[in-house]
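Below: target33.txt (compact mmCIF, C-alpha atoms)
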```txt
# COMPACT_ATOMS: atom_id res chain seq x y z
CA MET A 18 64.41 121.70 153.29
CA ARG A 19 62.43 123.20 150.38
CA ALA A 20 61.73 121.19 147.23
CA VAL A 21 61.89 122.79 143.79
CA ILE A 22 59.06 121.19 141.83
CA LEU A 23 58.19 121.31 138.13
CA PRO A 24 54.83 123.13 138.32
CA GLU A 25 51.68 122.54 136.29
CA LEU A 26 52.22 124.01 132.80
CA GLY A 27 48.76 123.42 131.37
CA PRO A 28 46.78 120.60 129.77
CA ALA A 29 48.74 118.37 127.40
CA ILE A 30 52.06 119.67 128.73
CA GLU A 31 53.12 116.92 131.11
CA LYS A 32 56.89 117.07 130.94
CA ALA A 33 59.88 119.29 130.18
CA VAL A 34 63.57 118.79 129.47
CA VAL A 35 66.36 120.31 131.55
CA SER A 36 68.49 122.69 129.41
CA PHE A 37 70.95 123.74 132.08
CA TRP A 38 71.36 124.75 135.72
CA PHE A 39 72.43 128.25 136.62
CA PHE A 40 74.05 126.86 139.80
CA LYS A 41 75.73 123.68 141.01
CA GLU A 42 75.20 121.69 144.20
CA GLY A 43 76.59 123.55 147.19
CA ASP A 44 75.98 127.02 145.74
CA GLN A 45 74.12 129.66 147.70
CA VAL A 46 70.97 130.92 145.98
CA LYS A 47 68.55 133.75 146.62
CA GLU A 48 64.76 133.69 146.58
CA ASN A 49 63.37 134.24 143.05
CA GLU A 50 66.79 133.83 141.46
CA ASP A 51 66.62 131.64 138.35
CA LEU A 52 67.80 128.11 139.19
CA VAL A 53 67.27 126.06 136.07
CA GLU A 54 66.07 126.40 132.48
CA LEU A 55 63.71 123.80 131.05
CA THR A 56 62.15 123.45 127.63
CA THR A 57 58.90 122.13 126.23
CA ASP A 58 58.03 121.94 122.54
CA LYS A 59 57.70 125.72 122.04
CA ALA A 60 58.79 127.28 125.33
CA ALA A 61 61.99 127.72 127.27
CA PHE A 62 61.42 128.79 130.86
CA ASN A 63 63.38 129.38 134.02
CA ILE A 64 62.33 128.07 137.42
CA PRO A 65 63.23 130.38 140.31
CA SER A 66 64.41 129.45 143.77
CA PRO A 67 61.52 129.38 146.29
CA CYS A 68 63.78 130.70 149.09
CA ASN A 69 67.23 131.87 150.16
CA GLY A 70 69.44 128.89 150.82
CA ILE A 71 71.97 126.33 149.69
CA LEU A 72 71.25 124.21 146.62
CA VAL A 73 72.01 120.88 148.28
CA GLU A 74 70.71 118.31 145.79
CA ILE A 75 70.03 118.31 142.05
CA PHE A 76 68.00 115.33 140.82
CA PHE A 77 67.92 115.93 137.06
CA ARG A 78 70.83 116.70 134.77
CA GLU A 79 71.03 118.53 131.46
CA GLY A 80 68.99 116.65 128.83
CA ASP A 81 66.88 114.76 131.40
CA THR A 82 63.09 114.69 131.06
CA VAL A 83 61.10 115.78 134.11
CA GLN A 84 57.40 115.06 134.70
CA VAL A 85 55.12 117.78 136.11
CA GLY A 86 55.12 117.49 139.91
CA GLU A 87 58.55 115.89 140.16
CA VAL A 88 61.20 117.36 142.46
CA LEU A 89 64.04 118.98 140.53
CA ALA A 90 66.18 119.91 143.51
CA ASN A 91 66.27 120.51 147.25
CA ILE A 92 67.27 123.74 148.92
CA GLN A 93 68.41 124.03 152.51
CA GLU A 94 66.81 127.23 153.72
CA LEU A 95 68.98 129.96 155.20
CA PRO A 96 67.69 132.90 157.23
CA GLU A 97 67.28 136.07 155.20
CA ASP A 98 70.20 138.55 155.38
CA LYS A 99 69.48 141.41 157.75
CA MET B 11 48.79 147.49 126.98
CA GLU B 12 51.39 149.65 125.24
CA ILE B 13 52.15 148.55 121.68
CA ILE B 14 55.50 149.70 120.32
CA ASN B 15 56.33 149.46 116.63
CA LEU B 16 60.07 148.89 116.11
CA ASP B 17 59.56 148.59 112.34
CA LEU B 18 62.43 146.93 110.42
CA ILE B 19 65.14 145.98 112.90
CA ASP B 20 67.98 143.49 113.22
CA TYR B 21 66.99 140.34 115.17
CA GLN B 22 69.70 140.82 117.79
CA ASP B 23 68.84 144.50 118.33
CA ALA B 24 65.20 143.57 118.89
CA TYR B 25 66.37 140.80 121.24
CA GLN B 26 68.34 143.31 123.34
CA ILE B 27 65.36 145.67 123.46
CA GLN B 28 63.18 142.80 124.72
CA ARG B 29 65.76 141.79 127.35
CA GLU B 30 66.09 145.36 128.57
CA ARG B 31 62.32 145.81 128.84
CA LEU B 32 62.00 142.48 130.68
CA SER B 33 64.68 143.56 133.13
CA GLN B 34 62.92 146.89 133.74
CA ILE B 35 59.54 145.17 134.23
CA LYS B 36 61.16 142.77 136.71
CA LYS B 37 62.47 145.75 138.71
CA GLY B 38 59.05 147.41 138.57
CA LYS B 39 60.44 150.33 136.56
CA GLN B 40 58.47 149.65 133.37
CA LYS B 41 55.10 148.18 132.45
CA GLU B 42 54.40 145.21 130.23
CA CYS B 43 54.28 145.96 126.51
CA ILE B 44 54.10 144.40 123.07
CA PHE B 45 56.73 145.04 120.43
CA LEU B 46 55.80 144.73 116.76
CA CYS B 47 58.62 144.56 114.22
CA ARG B 48 60.09 142.98 111.11
CA HIS B 49 63.58 141.51 110.75
CA TYR B 50 66.32 141.48 108.18
CA PRO B 51 66.79 137.90 106.85
CA VAL B 52 67.87 135.57 109.65
CA ILE B 53 67.62 131.90 110.54
CA THR B 54 67.18 131.37 114.27
CA VAL B 55 67.82 128.14 116.12
CA GLY B 56 65.76 127.73 119.30
CA ARG B 57 66.60 125.78 122.45
CA LYS B 58 65.21 122.56 120.99
CA GLY B 59 66.78 123.29 117.64
CA SER B 60 69.15 121.25 115.54
CA PHE B 61 71.53 122.71 112.97
CA LEU B 62 70.70 119.57 110.96
CA ASN B 63 67.41 121.30 110.13
CA ILE B 64 69.31 123.89 108.12
CA LYS B 65 69.59 122.31 104.68
CA VAL B 66 72.32 124.55 103.20
CA THR B 67 75.86 125.54 104.14
CA ARG B 68 76.90 128.63 106.11
CA GLU B 69 78.76 129.82 103.01
CA PHE B 70 75.56 129.68 101.00
CA LEU B 71 73.71 131.65 103.70
CA ASN B 72 76.55 134.20 103.90
CA HIS B 73 76.27 134.64 100.16
CA LYS B 74 72.52 135.25 100.52
CA LYS B 75 73.19 137.63 103.46
CA ILE B 76 71.14 135.47 105.82
CA LYS B 77 72.50 135.33 109.37
CA ILE B 78 72.25 132.28 111.65
CA ILE B 79 71.58 133.02 115.31
CA GLU B 80 71.20 130.65 118.27
CA THR B 81 68.51 132.07 120.49
CA ASP B 82 66.94 131.24 123.84
CA ARG B 83 63.32 130.79 122.76
CA GLY B 84 61.65 127.41 122.79
CA GLY B 85 61.24 125.53 119.53
CA ASP B 86 63.45 124.49 116.66
CA VAL B 87 64.71 126.26 113.54
CA THR B 88 62.85 129.02 111.76
CA TYR B 89 63.39 131.82 109.28
CA HIS B 90 62.52 135.49 109.73
CA GLY B 91 62.56 138.14 107.04
CA PRO B 92 61.14 141.54 106.16
CA GLY B 93 58.01 139.93 104.74
CA GLN B 94 56.96 138.73 108.17
CA ILE B 95 55.46 140.56 111.12
CA MET B 96 56.81 139.70 114.56
CA ILE B 97 54.75 140.14 117.73
CA TYR B 98 56.78 140.12 120.94
CA PRO B 99 54.64 140.46 124.10
CA ILE B 100 56.74 141.16 127.19
CA VAL B 101 54.13 140.10 129.73
CA PHE B 102 53.78 138.31 133.06
CA LEU B 103 52.81 134.68 132.54
CA ARG B 104 50.77 134.92 135.77
CA ARG B 105 48.17 136.79 133.66
CA PHE B 106 47.52 133.34 132.21
CA SER B 107 47.73 131.45 135.54
CA ASN B 108 51.34 130.54 134.67
CA ASN B 109 49.80 128.18 132.14
CA LEU B 110 51.82 127.82 128.94
CA HIS B 111 48.93 126.10 127.16
CA THR B 112 46.58 129.04 127.85
CA TYR B 113 49.21 131.55 126.72
CA PHE B 114 49.95 129.68 123.47
CA ARG B 115 46.23 129.51 122.64
CA LEU B 116 45.95 133.25 123.26
CA LEU B 117 48.89 134.00 120.96
CA GLU B 118 47.22 131.83 118.32
CA GLU B 119 43.97 133.71 118.84
CA ILE B 120 45.69 137.03 118.05
CA ALA B 121 46.92 135.60 114.74
CA LEU B 122 43.55 133.95 113.97
CA LYS B 123 41.66 137.22 114.50
CA THR B 124 44.03 139.17 112.27
CA LEU B 125 43.93 136.50 109.55
CA CYS B 126 40.14 136.60 109.78
CA ASP B 127 40.32 140.38 109.08
CA PHE B 128 42.03 139.45 105.82
CA LYS B 129 39.32 136.86 105.08
CA ILE B 130 41.66 133.94 105.63
CA ASN B 131 40.09 130.85 107.13
CA ALA B 132 42.97 129.72 109.35
CA ASN B 133 42.96 126.99 111.97
CA ARG B 134 44.76 125.36 114.87
CA ARG B 135 46.10 121.81 114.58
CA GLU B 136 45.97 119.40 117.50
CA GLY B 137 49.38 119.04 119.11
CA LEU B 138 51.06 121.49 116.70
CA THR B 139 51.32 124.93 118.29
CA GLY B 140 50.98 127.67 115.68
CA VAL B 141 48.38 128.73 113.12
CA TRP B 142 47.73 126.95 109.86
CA VAL B 143 45.78 127.33 106.64
CA GLY B 144 44.85 123.72 105.97
CA ILE B 145 48.16 121.94 106.49
CA GLN B 146 50.33 124.92 105.55
CA LYS B 147 51.77 127.01 108.36
CA ILE B 148 51.21 130.76 108.42
CA CYS B 149 52.16 131.64 112.01
CA SER B 150 54.93 130.23 114.23
CA ILE B 151 55.28 130.56 118.00
CA GLY B 152 58.20 130.30 120.43
CA ILE B 153 58.72 131.91 123.82
CA LYS B 154 61.16 132.25 126.70
CA VAL B 155 60.00 132.83 130.28
CA SER B 156 62.36 134.22 132.88
CA SER B 157 61.43 135.77 136.22
CA GLY B 158 57.84 134.87 135.31
CA ILE B 159 57.92 137.23 132.33
CA SER B 160 57.56 135.98 128.76
CA MET B 161 59.48 137.31 125.76
CA HIS B 162 59.75 136.34 122.07
CA GLY B 163 56.29 135.44 120.72
CA LEU B 164 54.88 134.86 117.27
CA ALA B 165 55.65 135.45 113.61
CA ILE B 166 53.01 135.81 110.91
CA ASN B 167 54.02 135.39 107.27
CA VAL B 168 52.69 138.35 105.31
CA LYS B 169 54.49 138.75 101.97
CA ASP B 170 54.57 136.04 99.31
CA ASN B 171 58.07 136.96 98.11
CA ASP B 172 59.66 136.04 101.46
CA LEU B 173 58.52 132.42 101.61
CA GLU B 174 61.19 130.84 99.42
CA ASN B 175 63.82 131.15 102.16
CA PHE B 176 61.85 128.65 104.25
CA SER B 177 63.00 126.04 101.72
CA LEU B 178 66.52 126.45 103.18
CA ILE B 179 65.39 124.87 106.44
CA ARG B 180 63.02 122.34 107.92
CA PRO B 181 60.78 124.87 109.71
CA CYS B 182 60.23 123.85 113.34
CA GLY B 183 62.07 120.63 112.47
CA LEU B 184 59.10 119.48 110.38
CA ASP B 185 58.62 118.73 106.69
CA ILE B 186 55.92 121.31 106.16
CA LYS B 187 55.03 124.01 103.69
CA MET B 188 54.68 127.62 104.76
CA THR B 189 52.12 130.03 103.41
CA SER B 190 51.51 133.77 103.81
CA ILE B 191 48.68 136.28 103.85
CA GLU B 192 49.46 137.45 100.30
CA THR B 193 49.69 133.87 99.04
CA GLU B 194 46.28 133.08 100.48
CA ILE B 195 44.37 136.17 99.36
CA LYS B 196 46.28 136.51 96.08
CA GLU B 197 46.77 140.25 96.43
CA LYS B 198 49.32 142.63 97.93
CA VAL B 199 48.88 143.91 101.46
CA ASN B 200 50.73 146.67 103.25
CA PHE B 201 52.11 146.50 106.77
CA GLU B 202 50.08 149.49 107.95
CA ASP B 203 46.93 147.44 107.46
CA ILE B 204 48.55 144.51 109.28
CA PHE B 205 49.54 146.74 112.23
CA PHE B 206 46.04 148.21 112.40
CA SER B 207 44.45 144.77 112.48
CA LEU B 208 46.96 143.40 115.00
CA LYS B 209 46.36 146.24 117.44
CA ARG B 210 42.65 145.46 117.36
CA SER B 211 43.26 141.71 117.73
CA ILE B 212 45.56 142.30 120.70
CA ASN B 213 42.95 144.49 122.39
CA LEU B 214 40.21 141.95 121.74
CA CYS B 215 42.37 139.26 123.30
CA VAL B 216 42.67 141.48 126.41
CA LEU B 217 46.43 141.45 126.37
```
Translate this file's structure into C-alpha cells.
Amino acid sequence: MRAVILPELGPAIEKAVVSFWFFKEGDQVKENEDLVELTTDKAAFNIPSPCNGILVEIFFREGDTVQVGEVLANIQELPEDK
Amino acid sequence: MEIINLDLIDYQDAYQIQRERLSQIKKGKQKECIFLCRHYPVITVGRKGSFLNIKVTREFLNHKKIKIIETDRGGDVTYHGPGQIMIYPIVFLRRFSNNLHTYFRLLEEIALKTLCDFKINANRREGLTGVWVGIQKICSIGIKVSSGISMHGLAINVKDNDLENFSLIRPCGLDIKMTSIETEIKEKVNFEDIFFSLKRSINLCVL
C-alpha cells in the first residue's frame, strides 16, 4: 500500500484545503496522474499518484483542511502494464 | 528562459496558450517559458474566491463590457485590464524545491526589482502574498500547479486610469486600496519600458 501525503509546501504554509478529487475510491490510477487538487491562500495545486494502482481509501473530502504530512489517500499498488 | 510577449489578449485565449504550453512541457516537447501580456477588462474568481466579493451586478458588468471568469488559480477575486501587465511563468516548481513559499517570494522579487527601476519603494507584507506600496497593493499573485508545472503568476498595476474598476470588487477578498506605477510616480509610463525592465528583473531572478 502506498500513502499519498500532503508534502512540505514551505515555511508558514502548514495546511491546504481539498478542492476536489479527480478519481473516486475503487478507481484505477496511473503513476504521476493527478489525483486531487488542493488550495492554499494563493495557490491551487494537484497532487499526483505515486504509483500505478487502485485508489482504495480517501481520507479527506472536498472542503476538508489537511495538515502537511497527513495522509490524503492510500493506493494499492498494481504491477506496471507490460 | 524564453520570454514571449502576447501583448493585448483576451484572458481565456491567454489561458489556453498557457495550458497548451504546460501540456507540451509535460510531454518534453517544449521548454519552460514566461508569457507577458495585458488583458481586456475581466474579473476573475480564483479557487478560493467568492462571488460575494463582486460588489456589483452582472448586468452592470455587462454594461461596462467587463467579463466574469471562474479560473483555476489560487486566490480570490481580482480585476485585470489593459492598464496592467501580466507575467505568466510556465515553469517546473522543482526549480524552487517544490516550495510554494520560495516561488511566491521569487515572483514578488521580480515585481520589486521592476518597481525599483521606476523609483518606487515597494515592500512585502507579512502573511499577505503580493507587493505593496505602504498598505496599497500594486502587484497580485495567484498560481496553479499541475504535473509539477506552475501557470498563472502575477499582475502589476501600471496605468492610473485602470484602477477604478477595482472598486467593483473586494480585491483578494480584502478591503484594500490598489495603486499603480503611474499613480506612484505621477507620470505616464509606456509598456515598452515596463517590458524592458521586466526582462531584466526576470533574468536577475534567474528564472
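You will find CA of Gln146 in chain B at 25.9 Å from CA of Gly27 in chain A.
Compared by their closest atoms to Glu48 in chain A, and using all atoms listed in the file, the residues A:Cys68, A:Val73, A:Val85, A:Ile92 rank with A:Cys68 nearest.
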Mind running chain B against chain A at 8 Å and telling me each contacting residue's nearest atom pair with the distance in Å (one decimal), counting all atoms listed in the file, chain and number ascending, as CSV?
```
residue,atom,partner,partner_atom,distance
B:Arg57,CA,A:Ala61,CA,6.9
B:Lys58,CA,A:Thr56,CA,7.4
B:Asp82,CA,A:Ala61,CA,7.0
B:Arg83,CA,A:Ala61,CA,5.6
B:Gly84,CA,A:Ala60,CA,3.8
B:Gly85,CA,A:Lys59,CA,4.3
B:Asp86,CA,A:Lys59,CA,8.0
B:Asn108,CA,A:Leu26,CA,6.8
B:Asn109,CA,A:Leu26,CA,4.9
B:Leu110,CA,A:Leu26,CA,5.4
B:His111,CA,A:Gly27,CA,5.0
B:Thr112,CA,A:Gly27,CA,7.0
B:Thr139,CA,A:Lys59,CA,7.4
B:Ile151,CA,A:Lys59,CA,6.8
B:Gly152,CA,A:Lys59,CA,4.9
B:Ile153,CA,A:Ala60,CA,4.9
B:Lys154,CA,A:Ala61,CA,4.6
B:Val155,CA,A:Phe62,CA,4.3
B:Ser156,CA,A:Asn63,CA,5.1
B:Ser157,CA,A:Asp51,CA,7.0
B:Gly158,CA,A:Asn63,CA,7.9
```
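Rounded to one decimal, CA of Ala165 in chain B and CA of Pro92 in chain B lie 11.1 Å from each other.
CA of Cys43 in chain B to CA of Gly140 in chain B spans 21.5 Å [interatomic distance, one decimal].
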Worksheet item: Got a sec: who's within 12 Å of Gly43 in chain A, counting all atoms listed in the file, leaving out chain neighbours fewer than 3 positions off, as a PyMOL selection string?
Response: chain A and resi 40+46+70-75+90-93
Tell me which protein, DNA and RNA residues are within 12 Å of Ser177 in chain B, counting all atoms listed in the file, leaving out same-chain ones fewer than 6 positions away, and put them as a JSON list (two decimals) with C-alpha atoms, in the coordinates of the input.
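And here's result-v6.json as it stands now:
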```
[["chain", "number", "residue", "atom", "x", "y", "z"],
["B", 53, "ILE", "CA", 67.62, 131.90, 110.54],
["B", 63, "ASN", "CA", 67.41, 121.30, 110.13],
["B", 64, "ILE", "CA", 69.31, 123.89, 108.12],
["B", 65, "LYS", "CA", 69.59, 122.31, 104.68],
["B", 66, "VAL", "CA", 72.32, 124.55, 103.20],
["B", 87, "VAL", "CA", 64.71, 126.26, 113.54],
["B", 88, "THR", "CA", 62.85, 129.02, 111.76],
["B", 89, "TYR", "CA", 63.39, 131.82, 109.28],
["B", 184, "LEU", "CA", 59.10, 119.48, 110.38],
["B", 185, "ASP", "CA", 58.62, 118.73, 106.69],
["B", 186, "ILE", "CA", 55.92, 121.31, 106.16],
["B", 187, "LYS", "CA", 55.03, 124.01, 103.69],
["B", 188, "MET", "CA", 54.68, 127.62, 104.76],
["B", 189, "THR", "CA", 52.12, 130.03, 103.41]]
```
Item to complete: Measuring atom to atom with only C-alpha atoms, identify which of B:Ile44, B:Ile76, B:Ile35, B:Leu178 is nearest to Tyr21 in chain B.
Response: B:Ile76
Residues within 10 Å of range 47-49 of chain B, please, as a short mmCIF file (atom, residue, chain, number, x, y, z; two decimals) with C-alpha atoms, keeping the file's coordinate frame. Count all atoms listed in the file; anything in the same chain fewer than 2 positions from it doesn't count.
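As written to disk, selection.cif reads:
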```cif
data_model
loop_
_atom_site.label_atom_id
_atom_site.label_comp_id
_atom_site.auth_asym_id
_atom_site.auth_seq_id
_atom_site.Cartn_x
_atom_site.Cartn_y
_atom_site.Cartn_z
CA ILE B 14 55.50 149.70 120.32
CA ASN B 15 56.33 149.46 116.63
CA LEU B 16 60.07 148.89 116.11
CA ASP B 17 59.56 148.59 112.34
CA LEU B 18 62.43 146.93 110.42
CA ILE B 19 65.14 145.98 112.90
CA ASP B 20 67.98 143.49 113.22
CA TYR B 21 66.99 140.34 115.17
CA GLN B 22 69.70 140.82 117.79
CA ASP B 23 68.84 144.50 118.33
CA ALA B 24 65.20 143.57 118.89
CA ILE B 44 54.10 144.40 123.07
CA PHE B 45 56.73 145.04 120.43
CA PRO B 51 66.79 137.90 106.85
CA VAL B 52 67.87 135.57 109.65
CA TYR B 89 63.39 131.82 109.28
CA HIS B 90 62.52 135.49 109.73
CA GLY B 91 62.56 138.14 107.04
CA PRO B 92 61.14 141.54 106.16
CA GLY B 93 58.01 139.93 104.74
CA GLN B 94 56.96 138.73 108.17
CA ILE B 95 55.46 140.56 111.12
CA MET B 96 56.81 139.70 114.56
CA ILE B 97 54.75 140.14 117.73
CA TYR B 98 56.78 140.12 120.94
CA ALA B 165 55.65 135.45 113.61
CA PHE B 201 52.11 146.50 106.77
CA PHE B 205 49.54 146.74 112.23
#
```
Compile the contact shell of Arg135 in chain B as a PDB file with C-alpha atoms, in the coordinates of the input: residues with an atom at most 9 Å away, counting all atoms listed in the file, same-chain residues fewer than 5 positions apart removed.
```
ATOM      1  CA  GLY B 140      50.980 127.670 115.680  1.00  0.00           C
ATOM      2  CA  VAL B 141      48.380 128.730 113.120  1.00  0.00           C
ATOM      3  CA  TRP B 142      47.730 126.950 109.860  1.00  0.00           C
ATOM      4  CA  GLY B 144      44.850 123.720 105.970  1.00  0.00           C
ATOM      5  CA  ILE B 145      48.160 121.940 106.490  1.00  0.00           C
TER       6      ILE B 145
END
```
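Ranking A:Gln45, A:Leu52, A:Asp81, A:Asn69 by their shortest atom-to-atom distance to Leu95 in chain A, with all atoms listed in the file included, puts A:Asn69 first.
The residues that lie within 7 Å of the point (68.6, 128.7, 116.1), counting all atoms listed in the file, are Ile53, Thr54, Val55, Gly56, Gly59, Ile78, Ile79, Glu80, Thr81, Asp86 and Val87 of chain B.
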Could you turn the residues from that selection into a file that holds C-alpha atoms, as an mmCIF file, keeping the file's coordinate frame?
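What landed in selection35.cif:
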```cif
data_model
loop_
_atom_site.group_PDB
_atom_site.id
_atom_site.type_symbol
_atom_site.label_atom_id
_atom_site.label_comp_id
_atom_site.auth_asym_id
_atom_site.auth_seq_id
_atom_site.Cartn_x
_atom_site.Cartn_y
_atom_site.Cartn_z
ATOM 1 C CA ILE B 53 67.620 131.900 110.540
ATOM 2 C CA THR B 54 67.180 131.370 114.270
ATOM 3 C CA VAL B 55 67.820 128.140 116.120
ATOM 4 C CA GLY B 56 65.760 127.730 119.300
ATOM 5 C CA GLY B 59 66.780 123.290 117.640
ATOM 6 C CA ILE B 78 72.250 132.280 111.650
ATOM 7 C CA ILE B 79 71.580 133.020 115.310
ATOM 8 C CA GLU B 80 71.200 130.650 118.270
ATOM 9 C CA THR B 81 68.510 132.070 120.490
ATOM 10 C CA ASP B 86 63.450 124.490 116.660
ATOM 11 C CA VAL B 87 64.710 126.260 113.540
#
```
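Using only C-alpha atoms, the nearest neighbour of Gln28 in chain B within the list B:Ala132, B:Met161, B:Cys126, B:Leu62 is B:Met161.
Closest to Lys123 in chain B among B:Ser150, B:Ser207, B:Ser60, B:Ser160 is B:Ser207, based on all atoms listed in the file.
Remark: for Lys169 in chain B, the closest of the candidate residues B:Lys77, B:Cys149, B:Glu12, B:Ile191 is B:Ile191 (distances computed over only C-alpha atoms).
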